[in-house]
$ cat structure.cif   # mmCIF, C-alpha atoms and all ligand atoms
data_data
loop_
_atom_site.group_PDB
_atom_site.id
_atom_site.type_symbol
_atom_site.label_atom_id
_atom_site.label_comp_id
_atom_site.auth_asym_id
_atom_site.auth_seq_id
_atom_site.Cartn_x
_atom_site.Cartn_y
_atom_site.Cartn_z
ATOM 1 C CA MET A 88 109.627 116.882 25.467
ATOM 2 C CA ASP A 89 106.117 115.544 26.101
ATOM 3 C CA ASN A 90 102.749 116.132 24.499
ATOM 4 C CA VAL A 91 100.225 117.378 27.022
ATOM 5 C CA LEU A 92 96.470 117.967 26.711
ATOM 6 C CA ILE A 93 94.699 120.193 29.233
ATOM 7 C CA ILE A 94 90.904 120.286 29.104
ATOM 8 C CA GLY A 95 89.604 123.428 30.810
ATOM 9 C CA GLY A 96 92.944 125.082 30.063
ATOM 10 C CA ALA A 97 91.704 128.568 29.134
ATOM 11 C CA ALA A 98 91.295 129.821 32.712
ATOM 12 C CA GLY A 99 92.324 129.407 36.333
ATOM 13 C CA ILE A 100 94.120 126.248 37.383
ATOM 14 C CA GLY A 101 94.055 124.657 33.917
ATOM 15 C CA ARG A 102 95.546 127.789 32.347
ATOM 16 C CA LYS A 103 98.453 127.811 34.793
ATOM 17 C CA ILE A 104 99.068 124.088 34.211
ATOM 18 C CA ALA A 105 99.046 124.614 30.417
ATOM 19 C CA LEU A 106 101.509 127.518 30.613
ATOM 20 C CA ALA A 107 103.830 125.718 33.064
ATOM 21 C CA PHE A 108 104.085 122.683 30.764
ATOM 22 C CA ALA A 109 104.717 124.940 27.737
ATOM 23 C CA GLU A 110 107.367 126.956 29.620
ATOM 24 C CA SER A 111 109.205 123.695 30.367
ATOM 25 C CA GLY A 112 109.426 122.910 26.650
ATOM 26 C CA ASN A 113 106.429 120.606 26.119
ATOM 27 C CA GLN A 114 103.847 120.728 23.322
ATOM 28 C CA VAL A 115 100.520 121.641 24.900
ATOM 29 C CA ALA A 116 96.970 121.335 23.560
ATOM 30 C CA VAL A 117 94.596 123.676 25.383
ATOM 31 C CA ALA A 118 90.994 122.520 24.932
ATOM 32 C CA ASP A 119 88.133 124.564 26.346
ATOM 33 C CA ILE A 120 84.524 125.550 25.690
ATOM 34 C CA ASN A 121 85.909 129.101 25.613
ATOM 35 C CA GLN A 122 88.233 128.612 22.649
ATOM 36 C CA ALA A 123 88.533 132.377 22.149
ATOM 37 C CA ALA A 124 90.000 132.767 25.663
ATOM 38 C CA ALA A 125 92.444 129.908 24.969
ATOM 39 C CA GLU A 126 93.539 131.559 21.711
ATOM 40 C CA GLU A 127 93.905 134.977 23.346
ATOM 41 C CA MET A 128 96.022 133.514 26.159
ATOM 42 C CA ILE A 129 98.279 131.742 23.648
ATOM 43 C CA GLN A 130 98.811 134.876 21.547
ATOM 44 C CA GLN A 131 100.214 136.730 24.582
ATOM 45 C CA LYS A 132 102.847 134.087 25.367
ATOM 46 C CA ALA A 133 106.430 133.722 24.190
ATOM 47 C CA GLU A 134 105.788 129.953 24.044
ATOM 48 C CA LYS A 135 102.896 130.354 21.589
ATOM 49 C CA HIS A 136 104.519 127.985 19.067
ATOM 50 C CA ARG A 137 104.184 125.210 21.676
ATOM 51 C CA LEU A 138 100.546 125.973 22.624
ATOM 52 C CA HIS A 139 97.557 124.952 20.469
ATOM 53 C CA ALA A 140 93.910 125.867 21.120
ATOM 54 C CA PHE A 141 90.983 123.492 20.524
ATOM 55 C CA TYR A 142 87.257 123.786 21.088
ATOM 56 C CA VAL A 143 85.546 121.213 23.310
ATOM 57 C CA ASP A 144 82.315 121.018 25.242
ATOM 58 C CA VAL A 145 83.063 118.147 27.616
ATOM 59 C CA SER A 146 79.363 117.565 28.284
ATOM 60 C CA SER A 147 79.037 116.215 24.716
ATOM 61 C CA TRP A 148 80.587 112.867 23.726
ATOM 62 C CA GLU A 149 80.639 113.929 20.046
ATOM 63 C CA SER A 150 82.545 117.093 20.912
ATOM 64 C CA VAL A 151 85.099 115.261 23.078
ATOM 65 C CA GLU A 152 85.637 112.573 20.427
ATOM 66 C CA LYS A 153 86.117 115.204 17.704
ATOM 67 C CA MET A 154 88.581 117.264 19.781
ATOM 68 C CA THR A 155 90.587 114.144 20.716
ATOM 69 C CA GLY A 156 90.906 113.259 17.017
ATOM 70 C CA GLN A 157 92.090 116.798 16.231
ATOM 71 C CA VAL A 158 94.684 116.740 19.040
ATOM 72 C CA ILE A 159 96.027 113.339 17.948
ATOM 73 C CA GLU A 160 96.217 114.584 14.359
ATOM 74 C CA LYS A 161 98.175 117.666 15.495
ATOM 75 C CA MET A 162 100.503 116.065 18.070
ATOM 76 C CA GLY A 163 100.591 112.343 17.147
ATOM 77 C CA HIS A 164 100.085 111.124 20.705
ATOM 78 C CA ILE A 165 99.311 112.359 24.238
ATOM 79 C CA ASP A 166 101.745 111.680 27.132
ATOM 80 C CA THR A 167 99.849 113.548 29.845
ATOM 81 C CA PHE A 168 96.184 114.453 30.010
ATOM 82 C CA VAL A 169 94.859 116.877 32.629
ATOM 83 C CA PHE A 170 91.105 117.264 33.181
ATOM 84 C CA SER A 171 90.538 120.703 34.721
ATOM 85 C CA ALA A 172 87.097 121.686 33.356
ATOM 86 C CA GLY A 173 84.538 122.288 36.058
ATOM 87 C CA ILE A 174 81.615 124.406 37.196
ATOM 88 C CA THR A 175 80.225 125.173 40.637
ATOM 89 C CA LYS A 176 77.543 127.191 42.412
ATOM 90 C CA LYS A 177 77.216 127.443 46.196
ATOM 91 C CA LEU A 178 73.638 126.268 46.864
ATOM 92 C CA GLY A 179 71.891 123.959 49.318
ATOM 93 C CA LEU A 180 69.472 121.085 48.761
ATOM 94 C CA GLU A 181 66.342 123.214 48.538
ATOM 95 C CA GLU A 182 67.879 125.658 46.062
ATOM 96 C CA VAL A 183 69.436 123.228 43.617
ATOM 97 C CA GLU A 184 67.119 122.699 40.662
ATOM 98 C CA TRP A 185 67.187 119.527 38.566
ATOM 99 C CA ALA A 186 68.557 121.517 35.592
ATOM 100 C CA LEU A 187 71.586 122.731 37.597
ATOM 101 C CA TRP A 188 72.179 119.225 38.999
ATOM 102 C CA LYS A 189 72.169 117.778 35.456
ATOM 103 C CA LYS A 190 74.381 120.548 34.045
ATOM 104 C CA THR A 191 76.969 120.137 36.830
ATOM 105 C CA MET A 192 77.064 116.365 36.418
ATOM 106 C CA ALA A 193 77.265 116.786 32.630
ATOM 107 C CA VAL A 194 80.402 118.944 32.841
ATOM 108 C CA ASN A 195 82.201 117.695 35.962
ATOM 109 C CA LEU A 196 81.450 113.965 35.817
ATOM 110 C CA HIS A 197 80.084 112.939 32.407
ATOM 111 C CA GLY A 198 82.726 115.206 30.883
ATOM 112 C CA LEU A 199 85.427 113.376 32.825
ATOM 113 C CA PHE A 200 84.070 110.002 31.677
ATOM 114 C CA PHE A 201 83.822 111.113 28.023
ATOM 115 C CA SER A 202 87.337 112.555 28.101
ATOM 116 C CA VAL A 203 89.062 109.554 29.657
ATOM 117 C CA LYS A 204 87.051 107.186 27.444
ATOM 118 C CA ALA A 205 88.222 109.056 24.338
ATOM 119 C CA ILE A 206 91.862 109.649 25.359
ATOM 120 C CA ALA A 207 92.920 106.549 27.359
ATOM 121 C CA PRO A 208 92.810 104.147 24.361
ATOM 122 C CA PHE A 209 95.629 106.142 22.716
ATOM 123 C CA MET A 210 97.719 105.788 25.913
ATOM 124 C CA ILE A 211 96.874 102.085 26.288
ATOM 125 C CA LYS A 212 98.058 101.496 22.708
ATOM 126 C CA ARG A 213 101.485 103.002 23.553
ATOM 127 C CA LYS A 214 101.542 101.380 27.013
ATOM 128 C CA GLN A 215 102.353 104.693 28.655
ATOM 129 C CA GLY A 216 100.588 107.802 29.817
ATOM 130 C CA ASN A 217 99.462 109.949 32.697
ATOM 131 C CA ILE A 218 95.965 111.040 33.571
ATOM 132 C CA ILE A 219 95.597 113.819 36.135
ATOM 133 C CA ILE A 220 92.100 114.725 37.260
ATOM 134 C CA ILE A 221 91.545 118.036 39.045
ATOM 135 C CA GLY A 222 89.024 117.060 41.704
ATOM 136 C CA SER A 223 88.244 118.925 44.900
ATOM 137 C CA GLY A 224 88.766 118.543 48.636
ATOM 138 C CA SER A 225 85.112 119.520 48.960
ATOM 139 C CA ALA A 226 84.192 115.922 48.096
ATOM 140 C CA ILE A 227 85.809 114.977 51.438
ATOM 141 C CA THR A 228 84.485 117.817 53.593
ATOM 142 C CA GLY A 229 81.171 118.713 51.898
ATOM 143 C CA SER A 230 82.047 122.415 52.063
ATOM 144 C CA GLY A 231 82.920 125.142 49.570
ATOM 145 C CA GLY A 232 80.637 124.560 46.553
ATOM 146 C CA GLY A 233 77.058 123.230 46.433
ATOM 147 C CA ILE A 234 75.541 119.750 46.807
ATOM 148 C CA GLN A 235 75.561 119.116 43.059
ATOM 149 C CA TYR A 236 79.285 120.011 43.011
ATOM 150 C CA TYR A 237 80.324 117.763 45.939
ATOM 151 C CA ALA A 238 78.428 114.864 44.384
ATOM 152 C CA SER A 239 80.162 115.341 41.027
ATOM 153 C CA LYS A 240 83.595 115.616 42.674
ATOM 154 C CA GLY A 241 82.950 112.560 44.877
ATOM 155 C CA GLY A 242 82.079 110.725 41.676
ATOM 156 C CA ALA A 243 85.453 111.691 40.240
ATOM 157 C CA PHE A 244 87.236 109.948 43.176
ATOM 158 C CA GLY A 245 85.295 106.715 42.538
ATOM 159 C CA PHE A 246 85.794 107.006 38.783
ATOM 160 C CA MET A 247 89.564 107.382 39.209
ATOM 161 C CA ARG A 248 89.778 104.403 41.586
ATOM 162 C CA SER A 249 87.783 102.232 39.210
ATOM 163 C CA LEU A 250 90.510 102.760 36.586
ATOM 164 C CA VAL A 251 93.556 102.046 38.754
ATOM 165 C CA LYS A 252 93.860 98.351 37.894
ATOM 166 C CA GLU A 253 92.704 98.568 34.292
ATOM 167 C CA LEU A 254 94.970 101.457 33.276
ATOM 168 C CA GLY A 255 97.869 100.579 35.602
ATOM 169 C CA SER A 256 98.312 97.242 33.854
ATOM 170 C CA TYR A 257 98.993 99.202 30.644
ATOM 171 C CA GLY A 258 101.507 101.590 32.216
ATOM 172 C CA VAL A 259 99.012 104.431 32.415
ATOM 173 C CA ASN A 260 98.983 106.301 35.737
ATOM 174 C CA VAL A 261 95.848 107.975 37.025
ATOM 175 C CA ASN A 262 95.579 110.304 40.021
ATOM 176 C CA VAL A 263 93.347 113.049 41.374
ATOM 177 C CA ILE A 264 94.702 116.373 42.606
ATOM 178 C CA ALA A 265 92.161 117.662 45.118
ATOM 179 C CA PRO A 266 92.766 121.376 45.702
ATOM 180 C CA ARG A 267 90.968 123.671 48.104
ATOM 181 C CA VAL A 268 90.592 127.454 47.858
ATOM 182 C CA ILE A 269 92.937 128.248 44.998
ATOM 183 C CA GLU A 270 93.066 131.884 43.758
ATOM 184 C CA SER A 271 90.865 131.844 40.624
ATOM 185 C CA GLN A 272 87.621 133.101 39.050
ATOM 186 C CA MET A 273 85.883 130.155 40.703
ATOM 187 C CA LEU A 274 87.167 131.235 44.130
ATOM 188 C CA ASP A 275 86.086 134.840 43.468
ATOM 189 C CA SER A 276 82.570 133.603 42.714
ATOM 190 C CA LEU A 277 82.450 131.653 46.010
ATOM 191 C CA TYR A 278 84.212 134.291 48.182
ATOM 192 C CA PRO A 279 83.533 137.583 46.381
ATOM 193 C CA THR A 280 84.827 140.049 49.010
ATOM 194 C CA GLU A 281 88.294 140.607 50.520
ATOM 195 C CA LYS A 282 86.704 140.156 53.972
ATOM 196 C CA ALA A 283 85.330 136.720 53.001
ATOM 197 C CA LYS A 284 88.790 135.716 51.714
ATOM 198 C CA GLN A 285 90.509 136.922 54.896
ATOM 199 C CA GLU A 286 88.040 134.883 57.009
ATOM 200 C CA MET A 287 88.858 131.846 54.885
ATOM 201 C CA ILE A 288 92.631 132.361 55.298
ATOM 202 C CA LYS A 289 92.188 132.124 59.091
ATOM 203 C CA GLU A 290 91.104 128.493 58.562
ATOM 204 C CA ILE A 291 94.222 127.542 56.582
ATOM 205 C CA PRO A 292 97.129 126.401 58.819
ATOM 206 C CA ILE A 293 99.853 127.676 56.474
ATOM 207 C CA GLY A 294 98.132 131.098 56.410
ATOM 208 C CA ARG A 295 97.520 131.748 52.732
ATOM 209 C CA LEU A 296 95.228 130.824 49.854
ATOM 210 C CA GLY A 297 96.473 128.279 47.345
ATOM 211 C CA LYS A 298 97.886 129.500 44.044
ATOM 212 C CA PRO A 299 97.453 127.934 40.596
ATOM 213 C CA GLU A 300 101.235 127.296 40.594
ATOM 214 C CA ASP A 301 100.823 125.038 43.660
ATOM 215 C CA ILE A 302 98.738 122.785 41.400
ATOM 216 C CA SER A 303 100.815 123.145 38.230
ATOM 217 C CA SER A 304 104.054 122.148 39.984
ATOM 218 C CA LEU A 305 102.433 118.969 41.326
ATOM 219 C CA ALA A 306 100.901 118.195 37.905
ATOM 220 C CA GLN A 307 104.327 118.556 36.306
ATOM 221 C CA TYR A 308 105.877 116.259 38.922
ATOM 222 C CA LEU A 309 103.160 113.627 38.420
ATOM 223 C CA SER A 310 103.880 113.614 34.682
ATOM 224 C CA LYS A 311 107.515 112.577 35.244
ATOM 225 C CA LYS A 312 108.949 109.042 35.328
ATOM 226 C CA GLU A 313 110.168 109.658 38.914
ATOM 227 C CA ALA A 314 106.498 109.865 39.969
ATOM 228 C CA SER A 315 105.373 106.659 38.280
ATOM 229 C CA TYR A 316 104.843 104.862 41.621
ATOM 230 C CA ILE A 317 102.179 107.448 42.533
ATOM 231 C CA HIS A 318 99.074 105.798 41.138
ATOM 232 C CA GLY A 319 95.433 105.744 42.196
ATOM 233 C CA GLN A 320 95.853 108.549 44.738
ATOM 234 C CA VAL A 321 93.852 111.560 45.825
ATOM 235 C CA LEU A 322 96.478 114.229 46.573
ATOM 236 C CA ILE A 323 94.932 116.970 48.713
ATOM 237 C CA LEU A 324 96.450 120.460 48.243
ATOM 238 C CA ASP A 325 94.880 122.530 51.004
ATOM 239 C CA GLY A 326 97.573 124.231 53.144
ATOM 240 C CA GLY A 327 96.781 121.704 55.881
ATOM 241 C CA ARG A 328 93.127 122.687 56.308
ATOM 242 C CA THR A 329 91.170 119.474 55.682
ATOM 243 C CA TYR A 330 92.459 117.411 58.593
ATOM 244 C CA GLN A 331 92.079 120.367 60.957
ATOM 245 C CA GLY A 332 88.317 119.772 60.648
ATOM 246 C CA LYS A 333 87.688 122.803 58.375
HETATM 247 N N1 LIG A 401 89.581 127.333 42.351
HETATM 248 C C1 LIG A 401 89.476 126.575 43.415
HETATM 249 O O1 LIG A 401 89.589 127.030 44.553
HETATM 250 C C2 LIG A 401 89.237 125.099 43.255
HETATM 251 C C3 LIG A 401 89.221 124.311 44.406
HETATM 252 C C4 LIG A 401 88.981 122.951 44.280
HETATM 253 C C5 LIG A 401 88.782 122.403 43.023
HETATM 254 N N2 LIG A 401 88.792 123.177 41.911
HETATM 255 C C6 LIG A 401 88.558 122.507 40.639
HETATM 256 O O2 LIG A 401 89.604 122.811 39.740
HETATM 257 C C7 LIG A 401 89.114 122.800 38.383
HETATM 258 C C8 LIG A 401 89.469 124.115 37.725
HETATM 259 O O3 LIG A 401 88.890 125.155 38.472
HETATM 260 P P1 LIG A 401 89.266 126.699 38.240
HETATM 261 O O4 LIG A 401 89.229 127.341 39.549
HETATM 262 O O5 LIG A 401 90.462 126.792 37.378
HETATM 263 O O6 LIG A 401 87.945 127.154 37.423
HETATM 264 P P2 LIG A 401 87.793 128.228 36.250
HETATM 265 O O7 LIG A 401 86.340 128.524 36.212
HETATM 266 O O8 LIG A 401 88.767 129.327 36.423
HETATM 267 O O9 LIG A 401 88.219 127.382 34.960
HETATM 268 C C9 LIG A 401 87.431 126.298 34.494
HETATM 269 C C10 LIG A 401 87.639 126.144 32.998
HETATM 270 O O10 LIG A 401 86.757 125.087 32.549
HETATM 271 C C11 LIG A 401 86.161 125.513 31.329
HETATM 272 N N3 LIG A 401 84.886 124.814 31.111
HETATM 273 C C12 LIG A 401 83.713 124.994 31.794
HETATM 274 N N4 LIG A 401 82.753 124.224 31.243
HETATM 275 C C13 LIG A 401 83.325 123.547 30.212
HETATM 276 C C14 LIG A 401 82.846 122.610 29.271
HETATM 277 N N5 LIG A 401 81.546 122.222 29.236
HETATM 278 N N6 LIG A 401 83.706 122.081 28.366
HETATM 279 C C15 LIG A 401 85.009 122.488 28.346
HETATM 280 N N7 LIG A 401 85.521 123.386 29.207
HETATM 281 C C16 LIG A 401 84.689 123.911 30.134
HETATM 282 C C17 LIG A 401 85.955 127.024 31.510
HETATM 283 O O11 LIG A 401 85.737 127.686 30.260
HETATM 284 C C18 LIG A 401 87.253 127.411 32.193
HETATM 285 O O12 LIG A 401 88.259 127.731 31.253
HETATM 286 C C19 LIG A 401 87.603 122.579 38.483
HETATM 287 O O13 LIG A 401 87.326 121.217 38.279
HETATM 288 C C20 LIG A 401 87.305 122.957 39.922
HETATM 289 O O14 LIG A 401 86.163 122.276 40.367
HETATM 290 C C21 LIG A 401 89.007 124.525 42.010
#

$ encode --input "structure.cif" --output "structure tokens"
Amino acid sequence: MDNVLIIGGAAGIGRKIALAFAESGNQVAVADINQAAAEEMIQQKAEKHRLHAFYVDVSSWESVEKMTGQVIEKMGHIDTFVFSAGITKKLGLEEVEWALWKKTMAVNLHGLFFSVKAIAPFMIKRKQGNIIIIGSGSAITGSGGGIQYYASKGGAFGFMRSLVKELGSYGVNVNVIAPRVIESQMLDSLYPTEKAKQEMIKEIPIGRLGKPEDISSLAQYLSKKEASYIHGQVLILDGGRTYQGK
């Protein structure tokens, strides 16, 4: 049984990852700016004794540091940390205001930095751990979200690679899962109609949208000892779309 922390675990991909880890018998801390949604989700689950809700606003260092302390106090240590918080808005250069740029960077990129900075020292101390960052294939293709989003997600690739040597030497693995078009609230906001979704599916070689469980099963695999040679990678989950030029 492992201790797992999911930031951004109250909805979408993070929620599915949190529930999958709990269903396989792990202790799971679900940290989110929407703590009420995390608590509500936990109450509905048979595994509620293994799921614990925490408040965090990842755009604030103080908030991330406080939440990390609370999780360590509750669980003792963290084996696997998944960063799944993120925001997006589909806008072009002329439409993106400075405030939206800053807000997106604050959540998607500064939040990632604050979280890893707060959590990794506890893994380094134990000389073991797994960090899984939910990035996005849009950082490769420049499609799907808006310019502020691609920039933040591209930053996450560089951030992860900058840690490969430093964390690897302490037995801490770090990887990015880069999904594309996964059924979620975020996808609904980008492709709000059934017609828009059907058009999108035509671009996906395997002929369907991704599902949160496609991500959670990979996250669970990455957390296992058998996957310890997977380190410093961007793993694209896209149904084959990216290298078809879409
Ligand atoms: N859904 C997709 O198709 C898709 C594709 C590629 C990448 N992604 C990435 O996957 C991750 C999860 O996306 P999702 O679709 O599950 O989104 P979602 O909107 O369903 O969930 C995001 C979660 O992050 C939380 N959050 C937002 N701001 C926060 C903050 N400041 N502090 C703490 N928590 C905060 C939200 O409350 C929510 O629970 C994001 O990083 C997203 O960019 C999603």

$ resolve_selection --input "structure.cif" --expression "the PyMOL selection byres (((chain A and resi 300-304) around 12) and not hetatm)" --output "ChimeraX atom specification"
/A:93,96,99-111,169,171,219-223,263-271,295-299,305-311,322-326

$ closest_residue --input "structure.cif" --among "A:Ala140, A:Val194, A:Val158, A:Val261" --to "A:Glu127" --atoms "all atoms listed in the file"
A:Ala140

$ residues_around --input "structure.cif" --residues "stretch 199-215 of chain A" --least-positions-apart "3" --cutoff "6 Å" --atoms "all atoms listed in the file" --output "ChimeraX atom specification"
/A:148,152,196,257-259

$ atom_distance --input "structure.cif" --atom1 "atom CA of A:Pro279" --atom2 "atom CA of A:Asp119"
24.3 Å

$ residues_near_point --input "structure.cif" --point "(90.6, 124.9, 59.3)" --cutoff "8 Å" --atoms "only C-alpha atoms" --output "list in words"
Lys289, Glu290, Ile291, Pro292, Gly327, Arg328, Thr329, Tyr330, Gln331, Gly332 and Lys333 of chain A

$ write_last_selection --input "structure.cif" --atoms "C-alpha atoms" --output "tab-separated table (two decimals), in the coordinates of the input"
chain	number	residue	atom	x	y	z
A	289	LYS	CA	92.19	132.12	59.09
A	290	GLU	CA	91.10	128.49	58.56
A	291	ILE	CA	94.22	127.54	56.58
A	292	PRO	CA	97.13	126.40	58.82
A	327	GLY	CA	96.78	121.70	55.88
A	328	ARG	CA	93.13	122.69	56.31
A	329	THR	CA	91.17	119.47	55.68
A	330	TYR	CA	92.46	117.41	58.59
A	331	GLN	CA	92.08	120.37	60.96
A	332	GLY	CA	88.32	119.77	60.65
A	333	LYS	CA	87.69	122.80	58.38

$ atom_distance --input "structure.cif" --atom1 "atom CA of A:Ile159" --atom2 "atom CA of A:Asn90"
9.8 Å

$ atom_distance --input "structure.cif" --atom1 "atom CA of A:Trp185" --atom2 "atom O7 of ligand LIG 401 (chain A)"
21.3 Å

$ resolve_selection --input "structure.cif" --expression "the PyMOL selection byres (((chain A and resi 250) around 10) and not hetatm)" --output "VMD selection string"
chain A and resid 203 245 to 249 251 to 256 259 to 262 319

$ write_last_selection --input "structure.cif" --atoms "C-alpha atoms" --output "mmCIF file, in the frame of the given file"
data_model
loop_
_atom_site.group_PDB
_atom_site.id
_atom_site.type_symbol
_atom_site.label_atom_id
_atom_site.label_comp_id
_atom_site.auth_asym_id
_atom_site.auth_seq_id
_atom_site.Cartn_x
_atom_site.Cartn_y
_atom_site.Cartn_z
ATOM 1 C CA VAL A 203 89.062 109.554 29.657
ATOM 2 C CA GLY A 245 85.295 106.715 42.538
ATOM 3 C CA PHE A 246 85.794 107.006 38.783
ATOM 4 C CA MET A 247 89.564 107.382 39.209
ATOM 5 C CA ARG A 248 89.778 104.403 41.586
ATOM 6 C CA SER A 249 87.783 102.232 39.210
ATOM 7 C CA VAL A 251 93.556 102.046 38.754
ATOM 8 C CA LYS A 252 93.860 98.351 37.894
ATOM 9 C CA GLU A 253 92.704 98.568 34.292
ATOM 10 C CA LEU A 254 94.970 101.457 33.276
ATOM 11 C CA GLY A 255 97.869 100.579 35.602
ATOM 12 C CA SER A 256 98.312 97.242 33.854
ATOM 13 C CA VAL A 259 99.012 104.431 32.415
ATOM 14 C CA ASN A 260 98.983 106.301 35.737
ATOM 15 C CA VAL A 261 95.848 107.975 37.025
ATOM 16 C CA ASN A 262 95.579 110.304 40.021
ATOM 17 C CA GLY A 319 95.433 105.744 42.196
#

$ axis_aligned_box --input "structure.cif" --around "ligand LIG 401 (chain A)" --padding-each-side "3 Å" --output "JSON"
{"center_x": 86.0, "center_y": 125.3, "center_z": 36.4, "size_x": 14.9, "size_y": 14.1, "size_z": 22.2}

$ resolve_selection --input "structure.cif" --expression "the PyMOL selection byres (((chain A and resi 89) around 6) and not hetatm)" --output "ChimeraX atom specification"
/A:88,90,113,166

$ closest_residue --input "structure.cif" --among "A:Ser150, A:Thr167, A:Gln130, A:Thr280" --to "A:Gln114" --atoms "only C-alpha atoms"
A:Thr167

$ residues_near_point --input "structure.cif" --point "(80.8, 126.1, 45.0)" --cutoff "10 Å" --atoms "all atoms listed in the file" --output "PDB file with C-alpha atoms, in the frame of the given file"
ATOM      1  CA  ILE A 174      81.615 124.406  37.196  1.00  0.00           C
ATOM      2  CA  THR A 175      80.225 125.173  40.637  1.00  0.00           C
ATOM      3  CA  LYS A 176      77.543 127.191  42.412  1.00  0.00           C
ATOM      4  CA  LYS A 177      77.216 127.443  46.196  1.00  0.00           C
ATOM      5  CA  LEU A 178      73.638 126.268  46.864  1.00  0.00           C
ATOM      6  CA  SER A 225      85.112 119.520  48.960  1.00  0.00           C
ATOM      7  CA  SER A 230      82.047 122.415  52.063  1.00  0.00           C
ATOM      8  CA  GLY A 231      82.920 125.142  49.570  1.00  0.00           C
ATOM      9  CA  GLY A 232      80.637 124.560  46.553  1.00  0.00           C
ATOM     10  CA  GLY A 233      77.058 123.230  46.433  1.00  0.00           C
ATOM     11  CA  ILE A 234      75.541 119.750  46.807  1.00  0.00           C
ATOM     12  CA  GLN A 235      75.561 119.116  43.059  1.00  0.00           C
ATOM     13  CA  TYR A 236      79.285 120.011  43.011  1.00  0.00           C
ATOM     14  CA  TYR A 237      80.324 117.763  45.939  1.00  0.00           C
ATOM     15  CA  MET A 273      85.883 130.155  40.703  1.00  0.00           C
ATOM     16  CA  LEU A 274      87.167 131.235  44.130  1.00  0.00           C
ATOM     17  CA  SER A 276      82.570 133.603  42.714  1.00  0.00           C
ATOM     18  CA  LEU A 277      82.450 131.653  46.010  1.00  0.00           C
ATOM     19  CA  TYR A 278      84.212 134.291  48.182  1.00  0.00           C
TER      20      TYR A 278
END

$ closest_residue --input "structure.cif" --among "A:Val143, A:Val115, A:Leu180, A:Val91" --to "ligand LIG 401 (chain A)" --atoms "only C-alpha atoms and all ligand atoms"
A:Val143

$ residues_around --input "structure.cif" --residues "A:Ser146" --least-positions-apart "6" --cutoff "7 Å" --atoms "all atoms listed in the file" --output "tab-separated table (two decimals) with C-alpha atoms, in the frame of the given file"
chain	number	residue	atom	x	y	z
A	193	ALA	CA	77.26	116.79	32.63
A	194	VAL	CA	80.40	118.94	32.84
A	197	HIS	CA	80.08	112.94	32.41
A	198	GLY	CA	82.73	115.21	30.88

$ closest_residue --input "structure.cif" --among "A:Lys240, A:Arg137, A:His164, A:Lys132" --to "ligand LIG 401 (chain A)" --atoms "all atoms listed in the file"
A:Lys240

$ closest_residue --input "structure.cif" --among "A:Ser239, A:Gln131, A:Thr228, A:Asn121" --to "ligand LIG 401 (chain A)" --atoms "only C-alpha atoms and all ligand atoms"
A:Asn121

$ build_atoms --input "structure.cif" --residues "stretch 237-249 of chain A" --atoms "N, CA and C atoms" --output "mmCIF file, keeping the file's coordinate frame"
data_model
loop_
_atom_site.group_PDB
_atom_site.id
_atom_site.type_symbol
_atom_site.label_atom_id
_atom_site.label_comp_id
_atom_site.auth_asym_id
_atom_site.auth_seq_id
_atom_site.Cartn_x
_atom_site.Cartn_y
_atom_site.Cartn_z
ATOM 1 N N TYR A 237 79.663 118.802 45.120
ATOM 2 C CA TYR A 237 80.324 117.763 45.939
ATOM 3 C C TYR A 237 80.064 116.389 45.364
ATOM 4 N N ALA A 238 78.792 116.183 44.917
ATOM 5 C CA ALA A 238 78.428 114.864 44.384
ATOM 6 C C ALA A 238 79.245 114.564 43.126
ATOM 7 N N SER A 239 79.399 115.574 42.268
ATOM 8 C CA SER A 239 80.162 115.341 41.027
ATOM 9 C C SER A 239 81.626 115.072 41.345
ATOM 10 N N LYS A 240 82.172 115.771 42.342
ATOM 11 C CA LYS A 240 83.595 115.616 42.674
ATOM 12 C C LYS A 240 83.835 114.303 43.421
ATOM 13 N N GLY A 241 82.852 113.877 44.242
ATOM 14 C CA GLY A 241 82.950 112.560 44.877
ATOM 15 C C GLY A 241 82.939 111.469 43.816
ATOM 16 N N GLY A 242 82.127 111.674 42.795
ATOM 17 C CA GLY A 242 82.079 110.725 41.676
ATOM 18 C C GLY A 242 83.427 110.601 40.988
ATOM 19 N N ALA A 243 84.131 111.714 40.901
ATOM 20 C CA ALA A 243 85.453 111.691 40.240
ATOM 21 C C ALA A 243 86.440 110.812 41.018
ATOM 22 N N PHE A 244 86.342 110.811 42.378
ATOM 23 C CA PHE A 244 87.236 109.948 43.176
ATOM 24 C C PHE A 244 86.957 108.480 42.826
ATOM 25 N N GLY A 245 85.670 108.104 42.834
ATOM 26 C CA GLY A 245 85.295 106.715 42.538
ATOM 27 C C GLY A 245 85.680 106.335 41.118
ATOM 28 N N PHE A 246 85.461 107.260 40.192
ATOM 29 C CA PHE A 246 85.794 107.006 38.783
ATOM 30 C C PHE A 246 87.288 106.725 38.643
ATOM 31 N N MET A 247 88.108 107.566 39.288
ATOM 32 C CA MET A 247 89.564 107.382 39.209
ATOM 33 C C MET A 247 89.950 106.012 39.779
ATOM 34 N N ARG A 248 89.379 105.670 40.934
ATOM 35 C CA ARG A 248 89.778 104.403 41.586
ATOM 36 C C ARG A 248 89.349 103.203 40.746
ATOM 37 N N SER A 249 88.245 103.354 40.039
ATOM 38 C CA SER A 249 87.783 102.232 39.210
ATOM 39 C C SER A 249 88.737 101.955 38.055
#
